[in-house]
Structure formats: C-alpha cells, structure tokens
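*Asks:* Here you go, one structure.
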Amino acid sequence: MCITFKCYNQSNNKAVNPSAIANGGNDVSICAGSSTQLLGSGGTNYSWSPTTGLSNANIANPIATPTLTTSYILTATNGSCTSKDTVVVMVNSSAIPSVNITPNNFNICSGTSVTFFTTSSNGGVAPIYQWKVNGIAAGTNSPTFTTNVLQNLSQVTVVMMSSLNCALPVSDSSTVTVTVTPAPIANAGNDVSICAGSSTQLTGSGGVNYSWNPPTGLSNANIANPIATPLASTFYVLTVSNGNCVSKDTVLVLVAQPTTPSVSINTPTNNICGGTNITFTAVAINAGTNPIYQWQVNGINAGTNSATFTSNNLQNNDQVKIMVTSNGCTTIPVVTSNLITVNVTNLAQPLLSLTTNVFSITNIDAAAAYTWQVLTNAVWNNVVPVATGLTFTANQSGEYRVKAVKAACTAYSQSQTSARNNSIDSTLYYMYLNPNPAKNLVTLYKIVPSQKWQSLDVINLQGGQVLPSKNITGLRSVPIRVDNLAPGLYFVRLTNEDGRRLSYKFVKE
C-alpha cells in the first residue's frame, strides 16, 4: 500500500517538498536458497522492513535472500514526506526430479521389440526426455521408447529434464542393461517320402529345446531327431526354443503305398548288319524318379546307367536285357525286362575282276543277291535290262559296280570302267604325254581339234576317276597337275563327241 501526502509550511500553510510515492516493485517468486533483487523507487531515501535476508535494508535495490516467504515494506522519504509500499517475495521449496526405467520384457529375443517405460517424480507438467542406447542418442522426446535392434548387454538410458522452476538438480537419469537372447531359427529338414510301414529320421535343428506336433508316429516328440513312422502323410510342426525365444518350421512326411515296378525293352529292329549300330530302349513303370539301369548282353553287364543302350559289336543270337533297381516305393526292388535276341548278318564288300569287259565277283557269298549297276549322269542306276548274278558282260563302255544284298546288309563293290567297243587304237594318233614319268605336271600334246575331242579324264588301274574332268574342246595341248596323286600307273582318257575313247598311260613318281 502506498500512503501519499504533501508537506506544508506551518506558518503560511504552503507546500515546501514534493510528495514521495513509494513503489516496492512486483511480487516475485524464488526458489529456496535463491536470491532476487528488490526494485524500490519513489523517494530519495529508502528503508526496508523487515531487514531479514536483505543485503542492505537502506537502499532502493537490495538483494533479498529470504528463507521463508516474506512481505517486505518499503518506506520512501523525500525530506519530511514519506510513502510506503509492500512487495511479497514468495519462497518455494526446491524439488528433486527422479526418473526410473522399466522394460515391458526383461527376457528379450534378438530382433523382437521391447518397450521401455519411465516412472518419474518432480518432472513438472512438461518434462523433456532424451533416450540413449550405449551412450548414443535414440528415440524421441517421449516417456516411452521402443526398439527391436538391441544387442546383448546393451545399455538403455533416459535423461529427464524437469519443467519445475525449483527443480534441483534440473534433471535425472536412469540406465538399465538388457539381456538379449539370440533368436532360434527352426529347421525341420527337407520334406521326405517313405513307403507305408517304413520309417524316417526327422532332422530338426536351430534351438536348445525341441517339440514336434503332432506327436503321432514319433519315437520321441521332444528331441531334435526323432524316428517318424506315420501311418498316413503328416505335416510335422517343429517348435524350437532358446530360453524364452521360439521359432517354428514344418516338414512333410509323405507316406506312399507301394507299387509293383516293371520294365520292358524294345528296338526298331532286331535284324542288323554286322558292325552297324542297334539301339535298345527301356520303358520302366513304377520304378521311382531316378531308377538305376543295368544292361546285359548274354548275362554280362554292358552299357551305362541309361534308359537306352547302343552297340555295334553284337553277334548273331546275342541276347539283350535290362535290370532296373527302383528308388521309389515298390513291392520288389529289382525287376528284369524281356529278352531280345538279335539276328546279325555279315556281308563282305564284294570284289571285282575285269577280263575283256566281263566283270566277275571274286569273293562270292552264296546267300547274297547281286545286282549290277552303271554310273549315268553321276547317279548309280541298275543296268537295263536288270542284270543279276555273279558275272556281268558290259555291252558298252561305262563305269560299273555290283550291289550285294543279304538280309539286313547291303554292300557295294568299288567301281571299274569297261571300254567295250568304244576304245580307239592310240597308235593311229600322234598325241603323247610329257614328261612321263611325271612328278608334278604332265602335259598332253598334239591334240587335233578337228577330231572333235571333248573331255579328258584321269583314271586309275581300277577304272576309277581320280581327277576332275577337263573340257578340251578346241585345245591342242592340256596341262594336268598330278602332284596330289599317289605314285603309280594312271591313264589319261579322252572322249570325243561320238563317245569314242582314247587312252594314254603315264607313271606318277
């Protein structure tokens, strides 16, 4: 309260001093043990009462350090004029903030979430939270913190800063060390197929403790590797635990009913010519996905582990079969196929001799049929009329061979050339070969174009052509490269437009 009045001279009743207006300032609140500066004004001289806790009770702005809430009265004077005002210094008791952490789960599995809650006091209406994991800031300004990346022995800390004015100290912290158990990884093994009445061993892994469900058909449902003998196909669920950490996996034991396997073999033909390939194919039924094949010839193992068998050295009346070992669910493990007996025919290549245009077979096979052929326009055709038998007389010049057929065998002789009635006496002409013998090149000289020679061929002693034909129409000489020929005796054969032939022999060195 401020009391204001004027001072007057008593003799003449006139004012002599300005009035004093005391102002002790606004009320203030402080914490116990703290100080505040009073802000007095309105006079020339000042006096505070009570003086308890004041640094100087006779100045306008003393430092006030009361231990209790105190109303300080300011008396301001100006000469004989005085005025008063009051200010309240409210002393608030200090508060000690406190915070503690409690996780929602003390047994943490690796990779699973855990939430930490705070229990606090003297935090005020708006405390500030800072979470840390191993000293590194984490989380948000929240009284709770959730994470799923903690490692074993990680330290989780929260620092709470109180919003109270008189908090002392202003913050508190709490730390917990967590135990994190590695999470198990259940592995029930691969799915498996068994025959009805058979057993299989389950191969569980990944944890410390094991439990299989359903327990039906298991030797022990609480071990990692029980023996399973289910009556029907069963899905077994494996639960593994590592402390309080749990993981699951499933395996199927498929129970199959046994079947009876069989196998048969076939071949496109069992009549073959000696030395040619014959292929046998096996067809297995109910033998599983990967049966084992064992071929036999006359009871002796042959071939490879394959559904097919090919051979080119079988003999007449050889017997071929296969045995198949099943890997499936069968009534018997091994089955044997039917027998195939092969008919093998042997036929030698016919050999020919030529005497005065008469061809004869020199290695006769009495069971073979022989047909004579002639080369016409680079194609082999049967002679017309068809000629068979062991000999053949050529009525005209040409290149001939014989075809032999015996059961599954067909063979051809080497060809020979007959010059029947078409040969010309070379002594009537003046052509000659030089050099002769020749090593790389031989040349035919003195060709007369008017004699209408058209082609030139080089043949061997058997009548076979050994070099490409040359067109010699209008030429007087023809060079012939012979460097690629084997050493021996050869003939240069000329043919004119009438089909008449003229031959000269030379030696290739």
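Every chain in the structure tokens has a letter given in the order shown (A, B, ...), and although residue numbers restart at 1 in each chain, ligands are simply numbered from 1 in the order shown.
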Give me the residues near Asn165 (chain A) as a list in words, where near means some atom within 9 Å (using only C-alpha atoms) and where sequence neighbours in that chain fewer than 3 positions away do not count.
*Replies:*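 With the cut-off at 9 Å, the set is Ile30, Cys31, Ser94, Ala95, Gly124, Ser162, Leu168 and Val170 of chain A.
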*Asks:* Counting only C-alpha atoms, figure out which residue out of A:Ser233, A:Ser93, A:Leu390, A:Leu202 gets nearest to Leu218 (chain A).
*Replies:*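 Using only C-alpha atoms, Leu218 (chain A) sits closest to A:Leu202.
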*Asks:* Can you tell me, as a list in words, what residues are no more than 8 Å from Gly275 (chain A) when counting only C-alpha atoms, ignoring any on the same chain fewer than 2 positions away?
*Replies:*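 Counting only C-alpha atoms, the residues come to Cys273, Asn277, Asn312, Asn313 and Leu314 of chain A.
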*Asks:* Which residues, written as an MDAnalysis selection string, have at least one atom at most 10 Å from Val133 (chain A), with only C-alpha atoms counted and residues fewer than 6 positions away on the same chain left out?
*Replies:* chainID A and resid 139 147 150 154:158 175:177
*Asks:* Can I get the selection written as a compact mmCIF listing (two decimals), in the first residue's frame, with all heavy atoms?
*Replies:*
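Produced file result38.txt, reproduced below:
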# COMPACT_ATOMS: atom_id res chain seq x y z
N GLY A 139 15.55 -42.69 -30.03
CA GLY A 139 14.18 -42.42 -29.63
C GLY A 139 13.79 -40.96 -29.80
O GLY A 139 14.46 -40.17 -30.47
N THR A 147 12.23 -50.34 -29.34
CA THR A 147 13.27 -50.69 -30.31
C THR A 147 13.30 -52.20 -30.49
O THR A 147 12.85 -52.95 -29.62
CB THR A 147 14.65 -50.19 -29.87
OG1 THR A 147 15.62 -50.55 -30.86
CG2 THR A 147 15.07 -50.81 -28.55
N LEU A 150 18.29 -54.11 -30.28
CA LEU A 150 19.22 -54.18 -29.15
C LEU A 150 20.07 -55.44 -29.23
O LEU A 150 19.62 -56.50 -29.70
CB LEU A 150 18.46 -54.16 -27.83
CG LEU A 150 17.69 -52.86 -27.52
CD1 LEU A 150 16.97 -52.99 -26.19
CD2 LEU A 150 18.64 -51.66 -27.52
N SER A 154 23.31 -54.42 -24.07
CA SER A 154 23.14 -53.02 -24.44
C SER A 154 22.64 -52.24 -23.22
O SER A 154 21.87 -52.76 -22.40
CB SER A 154 22.13 -52.87 -25.58
OG SER A 154 22.65 -53.38 -26.78
N GLN A 155 23.07 -50.98 -23.11
CA GLN A 155 22.65 -50.11 -22.01
C GLN A 155 21.69 -49.05 -22.55
O GLN A 155 22.04 -48.29 -23.46
CB GLN A 155 23.86 -49.44 -21.35
CG GLN A 155 24.73 -50.42 -20.56
CD GLN A 155 25.81 -49.73 -19.78
OE1 GLN A 155 26.44 -48.78 -20.25
NE2 GLN A 155 26.05 -50.18 -18.54
N VAL A 156 20.51 -49.04 -21.97
CA VAL A 156 19.48 -48.07 -22.37
C VAL A 156 19.36 -47.04 -21.25
O VAL A 156 19.17 -47.38 -20.07
CB VAL A 156 18.13 -48.76 -22.62
CG1 VAL A 156 17.06 -47.74 -22.98
CG2 VAL A 156 18.27 -49.81 -23.72
N THR A 157 19.48 -45.78 -21.63
CA THR A 157 19.47 -44.67 -20.66
C THR A 157 18.42 -43.65 -21.04
O THR A 157 18.20 -43.39 -22.24
CB THR A 157 20.85 -43.98 -20.61
OG1 THR A 157 21.84 -44.94 -20.24
CG2 THR A 157 20.86 -42.82 -19.62
N VAL A 158 17.75 -43.07 -20.03
CA VAL A 158 16.88 -41.94 -20.26
C VAL A 158 17.32 -40.80 -19.34
O VAL A 158 17.68 -41.02 -18.18
CB VAL A 158 15.40 -42.29 -20.02
CG1 VAL A 158 15.11 -42.59 -18.57
CG2 VAL A 158 14.49 -41.15 -20.53
N THR A 175 19.49 -45.84 -16.04
CA THR A 175 20.07 -46.75 -17.03
C THR A 175 19.76 -48.19 -16.66
O THR A 175 19.83 -48.56 -15.48
CB THR A 175 21.60 -46.57 -17.12
OG1 THR A 175 21.90 -45.24 -17.52
CG2 THR A 175 22.21 -47.55 -18.11
N VAL A 176 19.39 -48.99 -17.70
CA VAL A 176 19.22 -50.42 -17.50
C VAL A 176 20.08 -51.15 -18.53
O VAL A 176 20.25 -50.68 -19.66
CB VAL A 176 17.75 -50.87 -17.64
CG1 VAL A 176 16.91 -50.29 -16.53
CG2 VAL A 176 17.20 -50.50 -19.00
N THR A 177 20.65 -52.28 -18.11
CA THR A 177 21.40 -53.14 -19.02
C THR A 177 20.53 -54.34 -19.37
O THR A 177 20.02 -55.02 -18.48
CB THR A 177 22.72 -53.61 -18.37
OG1 THR A 177 23.51 -52.48 -18.03
CG2 THR A 177 23.50 -54.51 -19.32
*Asks:* Using only C-alpha atoms, which protein or nucleic acid residues come within 12 Å of Thr473 (chain A)? Drop anything in the same chain fewer than 6 positions from it, and give the result as a list in words.
*Replies:*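 Result of the neighbour search: Ile447, Val448, Pro449, Ser450, Gln451, Lys452, Trp453, Gln454, Ser455, Leu456, Leu494, Thr495, Asn496 and Glu497 of chain A.
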*Asks:* Could you check the closest approach to Thr260 (chain A) for each of A:Thr52, A:Thr289, A:Thr330, A:Thr279 and tell me which residue wins, using only C-alpha atoms?
*Replies:*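 With only C-alpha atoms as the atom set, the closest residue is A:Thr330.
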*Asks:* Residues within 7 Å of region 430-444 of chain A, please, as a list in words. Count only C-alpha atoms; anything in the same chain fewer than 4 positions from it doesn't count.
*Replies:*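 Surrounding residues, per the criterion: Ser477, Val478, Pro479, Ile480, Arg481, Val482, Asp483, Phe506, Val507, Lys508 and Glu509 of chain A.
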*Asks:* Keeping all heavy atoms, export the residues of the selection given above as a PDB file, in the first residue's frame.
*Replies:*
ATOM      1  N   SER A 477      46.745 -78.711-126.634  1.00  0.00           N
ATOM      2  CA  SER A 477      47.511 -79.338-125.557  1.00  0.00           C
ATOM      3  C   SER A 477      46.789 -79.060-124.238  1.00  0.00           C
ATOM      4  O   SER A 477      46.090 -78.052-124.105  1.00  0.00           O
ATOM      5  CB  SER A 477      48.942 -78.804-125.504  1.00  0.00           C
ATOM      6  OG  SER A 477      48.948 -77.418-125.198  1.00  0.00           O
ATOM      7  N   VAL A 478      47.006 -79.957-123.265  1.00  0.00           N
ATOM      8  CA  VAL A 478      46.321 -79.824-121.972  1.00  0.00           C
ATOM      9  C   VAL A 478      47.319 -80.137-120.856  1.00  0.00           C
ATOM     10  O   VAL A 478      47.834 -81.265-120.783  1.00  0.00           O
ATOM     11  CB  VAL A 478      45.125 -80.785-121.863  1.00  0.00           C
ATOM     12  CG1 VAL A 478      44.455 -80.616-120.498  1.00  0.00           C
ATOM     13  CG2 VAL A 478      44.137 -80.544-122.970  1.00  0.00           C
ATOM     14  N   PRO A 479      47.636 -79.173-119.987  1.00  0.00           N
ATOM     15  CA  PRO A 479      48.477 -79.469-118.817  1.00  0.00           C
ATOM     16  C   PRO A 479      47.627 -80.111-117.707  1.00  0.00           C
ATOM     17  O   PRO A 479      46.490 -79.704-117.479  1.00  0.00           O
ATOM     18  CB  PRO A 479      48.988 -78.095-118.395  1.00  0.00           C
ATOM     19  CG  PRO A 479      47.928 -77.142-118.856  1.00  0.00           C
ATOM     20  CD  PRO A 479      47.338 -77.726-120.111  1.00  0.00           C
ATOM     21  N   ILE A 480      48.196 -81.066-117.006  1.00  0.00           N
ATOM     22  CA  ILE A 480      47.455 -81.800-115.964  1.00  0.00           C
ATOM     23  C   ILE A 480      48.314 -81.826-114.710  1.00  0.00           C
ATOM     24  O   ILE A 480      49.444 -82.359-114.745  1.00  0.00           O
ATOM     25  CB  ILE A 480      47.145 -83.245-116.411  1.00  0.00           C
ATOM     26  CG1 ILE A 480      46.435 -83.251-117.780  1.00  0.00           C
ATOM     27  CG2 ILE A 480      46.296 -83.962-115.365  1.00  0.00           C
ATOM     28  CD1 ILE A 480      46.395 -84.619-118.423  1.00  0.00           C
ATOM     29  N   ARG A 481      47.802 -81.297-113.631  1.00  0.00           N
ATOM     30  CA  ARG A 481      48.545 -81.338-112.368  1.00  0.00           C
ATOM     31  C   ARG A 481      48.289 -82.671-111.682  1.00  0.00           C
ATOM     32  O   ARG A 481      47.151 -83.082-111.470  1.00  0.00           O
ATOM     33  CB  ARG A 481      48.138 -80.203-111.447  1.00  0.00           C
ATOM     34  CG  ARG A 481      48.492 -78.818-111.970  1.00  0.00           C
ATOM     35  CD  ARG A 481      48.691 -77.833-110.831  1.00  0.00           C
ATOM     36  NE  ARG A 481      49.797 -78.200-109.972  1.00  0.00           N
ATOM     37  CZ  ARG A 481      51.069 -77.876-110.212  1.00  0.00           C
ATOM     38  NH1 ARG A 481      51.397 -77.169-111.290  1.00  0.00           N
ATOM     39  NH2 ARG A 481      52.028 -78.265-109.363  1.00  0.00           N
ATOM     40  N   VAL A 482      49.393 -83.365-111.349  1.00  0.00           N
ATOM     41  CA  VAL A 482      49.289 -84.696-110.759  1.00  0.00           C
ATOM     42  C   VAL A 482      50.035 -84.771-109.421  1.00  0.00           C
ATOM     43  O   VAL A 482      50.255 -85.865-108.889  1.00  0.00           O
ATOM     44  CB  VAL A 482      49.846 -85.761-111.739  1.00  0.00           C
ATOM     45  CG1 VAL A 482      48.990 -85.823-112.982  1.00  0.00           C
ATOM     46  CG2 VAL A 482      51.307 -85.483-112.070  1.00  0.00           C
ATOM     47  N   ASP A 483      50.412 -83.602-108.872  1.00  0.00           N
ATOM     48  CA  ASP A 483      51.226 -83.636-107.655  1.00  0.00           C
ATOM     49  C   ASP A 483      50.483 -84.211-106.457  1.00  0.00           C
ATOM     50  O   ASP A 483      51.105 -84.668-105.496  1.00  0.00           O
ATOM     51  CB  ASP A 483      51.767 -82.243-107.323  1.00  0.00           C
ATOM     52  CG  ASP A 483      50.707 -81.168-107.417  1.00  0.00           C
ATOM     53  OD1 ASP A 483      49.581 -81.487-107.856  1.00  0.00           O
ATOM     54  OD2 ASP A 483      50.999 -80.018-107.053  1.00  0.00           O
ATOM     55  N   PHE A 506      50.497 -93.105-118.052  1.00  0.00           N
ATOM     56  CA  PHE A 506      51.695 -92.427-117.541  1.00  0.00           C
ATOM     57  C   PHE A 506      51.973 -92.911-116.129  1.00  0.00           C
ATOM     58  O   PHE A 506      51.106 -93.502-115.482  1.00  0.00           O
ATOM     59  CB  PHE A 506      51.521 -90.895-117.579  1.00  0.00           C
ATOM     60  CG  PHE A 506      50.563 -90.380-116.541  1.00  0.00           C
ATOM     61  CD1 PHE A 506      51.000 -89.925-115.304  1.00  0.00           C
ATOM     62  CD2 PHE A 506      49.174 -90.330-116.818  1.00  0.00           C
ATOM     63  CE1 PHE A 506      50.117 -89.449-114.384  1.00  0.00           C
ATOM     64  CE2 PHE A 506      48.294 -89.845-115.876  1.00  0.00           C
ATOM     65  CZ  PHE A 506      48.752 -89.386-114.643  1.00  0.00           C
ATOM     66  N   VAL A 507      53.175 -92.658-115.723  1.00  0.00           N
ATOM     67  CA  VAL A 507      53.599 -93.065-114.378  1.00  0.00           C
ATOM     68  C   VAL A 507      53.746 -91.812-113.528  1.00  0.00           C
ATOM     69  O   VAL A 507      54.421 -90.837-113.920  1.00  0.00           O
ATOM     70  CB  VAL A 507      54.922 -93.849-114.422  1.00  0.00           C
ATOM     71  CG1 VAL A 507      55.405 -94.156-113.005  1.00  0.00           C
ATOM     72  CG2 VAL A 507      54.725 -95.136-115.215  1.00  0.00           C
ATOM     73  N   LYS A 508      53.104 -91.857-112.355  1.00  0.00           N
ATOM     74  CA  LYS A 508      53.269 -90.768-111.370  1.00  0.00           C
ATOM     75  C   LYS A 508      54.350 -91.210-110.380  1.00  0.00           C
ATOM     76  O   LYS A 508      54.257 -92.265-109.750  1.00  0.00           O
ATOM     77  CB  LYS A 508      51.949 -90.531-110.615  1.00  0.00           C
ATOM     78  CG  LYS A 508      52.085 -89.669-109.344  1.00  0.00           C
ATOM     79  CD  LYS A 508      52.532 -88.251-109.648  1.00  0.00           C
ATOM     80  CE  LYS A 508      52.426 -87.362-108.397  1.00  0.00           C
ATOM     81  NZ  LYS A 508      53.280 -87.780-107.295  1.00  0.00           N
ATOM     82  N   GLU A 509      55.427 -90.369-110.329  1.00  0.00           N
ATOM     83  CA  GLU A 509      56.519 -90.691-109.406  1.00  0.00           C
ATOM     84  C   GLU A 509      56.106 -90.423-107.975  1.00  0.00           C
ATOM     85  O   GLU A 509      55.398 -89.479-107.682  1.00  0.00           O
ATOM     86  CB  GLU A 509      57.743 -89.843-109.773  1.00  0.00           C
ATOM     87  CG  GLU A 509      58.351 -90.261-111.109  1.00  0.00           C
ATOM     88  CD  GLU A 509      59.587 -89.444-111.415  1.00  0.00           C
ATOM     89  OE1 GLU A 509      59.654 -88.287-110.964  1.00  0.00           O
ATOM     90  OE2 GLU A 509      60.490 -89.989-112.076  1.00  0.00           O
TER      91      GLU A 509
END
*Asks:* In terms of the shortest atom-to-atom distance over only C-alpha atoms, which of A:Asn45, A:Ser19, A:Thr267, A:Ser34 is closest to Cys166 (chain A)?
*Replies:*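 With only C-alpha atoms as the atom set, the closest residue is A:Ser34.
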*Asks:* May I ask which of the residues A:Thr115, A:Ser174, A:Thr70, A:Ser413 is the closest one to Asn92 (chain A), counting only C-alpha atoms?
*Replies:*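 Using only C-alpha atoms, Asn92 (chain A) sits closest to A:Thr70.
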*Asks:* Counting only C-alpha atoms, which residue out of A:Gln151, A:Ser360, A:Thr144, A:Thr65 sits closest to Asn100 (chain A)?
*Replies:*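 Of A:Gln151, A:Ser360, A:Thr144, A:Thr65, the one nearest Asn100 (chain A), counting only C-alpha atoms, is A:Thr144.
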*Asks:* Between A:Thr310, A:Lys470, A:Gln373, A:Val125, which one has atoms that come closest to Pro385 (chain A), using only C-alpha atoms?
*Replies:* A:Gln373
*Asks:* Leaving out Pro215 (chain A) and any residue of its chain fewer than 2 positions from it, which residues lie within 10 Å of it when counting only C-alpha atoms, given as a count of residues only?
*Replies:* 14
*Asks:* In region 323-469 of chain A, what's helix (DSSP H, G or I) per DSSP? Answer as a PyMOL selection string?
*Replies:* chain A and resi 426-428+449-451
*Asks:* Got time to write the residues from that selection, all heavy atoms, as a compact mmCIF listing (two decimals), in the first residue's frame?
*Replies:*
# COMPACT_ATOMS: atom_id res chain seq x y z
N SER A 426 45.42 -96.10 -130.00
CA SER A 426 46.18 -94.87 -129.84
C SER A 426 47.32 -94.75 -130.83
O SER A 426 47.85 -93.65 -131.05
CB SER A 426 46.74 -94.80 -128.40
OG SER A 426 47.60 -95.91 -128.16
N THR A 427 47.70 -95.87 -131.45
CA THR A 427 48.82 -95.80 -132.42
C THR A 427 48.44 -95.07 -133.68
O THR A 427 49.31 -94.73 -134.49
CB THR A 427 49.32 -97.21 -132.75
OG1 THR A 427 48.23 -97.95 -133.37
CG2 THR A 427 49.78 -97.93 -131.50
N LEU A 428 47.11 -94.86 -133.84
CA LEU A 428 46.66 -94.15 -135.03
C LEU A 428 46.76 -92.64 -134.87
O LEU A 428 46.46 -91.90 -135.81
CB LEU A 428 45.22 -94.54 -135.36
CG LEU A 428 44.98 -96.05 -135.60
CD1 LEU A 428 43.50 -96.31 -135.84
CD2 LEU A 428 45.82 -96.54 -136.77
N PRO A 449 42.15 -80.53 -132.99
CA PRO A 449 40.78 -80.09 -132.71
C PRO A 449 39.76 -80.64 -133.70
O PRO A 449 38.61 -80.88 -133.34
CB PRO A 449 40.88 -78.57 -132.79
CG PRO A 449 42.30 -78.27 -132.45
CD PRO A 449 43.10 -79.39 -133.04
N SER A 450 40.17 -80.87 -134.92
CA SER A 450 39.21 -81.35 -135.92
C SER A 450 38.72 -82.76 -135.62
O SER A 450 37.73 -83.21 -136.19
CB SER A 450 39.85 -81.31 -137.32
OG SER A 450 40.98 -82.17 -137.38
N GLN A 451 39.42 -83.45 -134.73
CA GLN A 451 38.99 -84.80 -134.35
C GLN A 451 37.88 -84.75 -133.28
O GLN A 451 37.42 -85.78 -132.83
CB GLN A 451 40.19 -85.60 -133.83
CG GLN A 451 41.22 -85.84 -134.95
CD GLN A 451 42.50 -86.47 -134.44
OE1 GLN A 451 42.70 -86.61 -133.23
NE2 GLN A 451 43.40 -86.83 -135.37
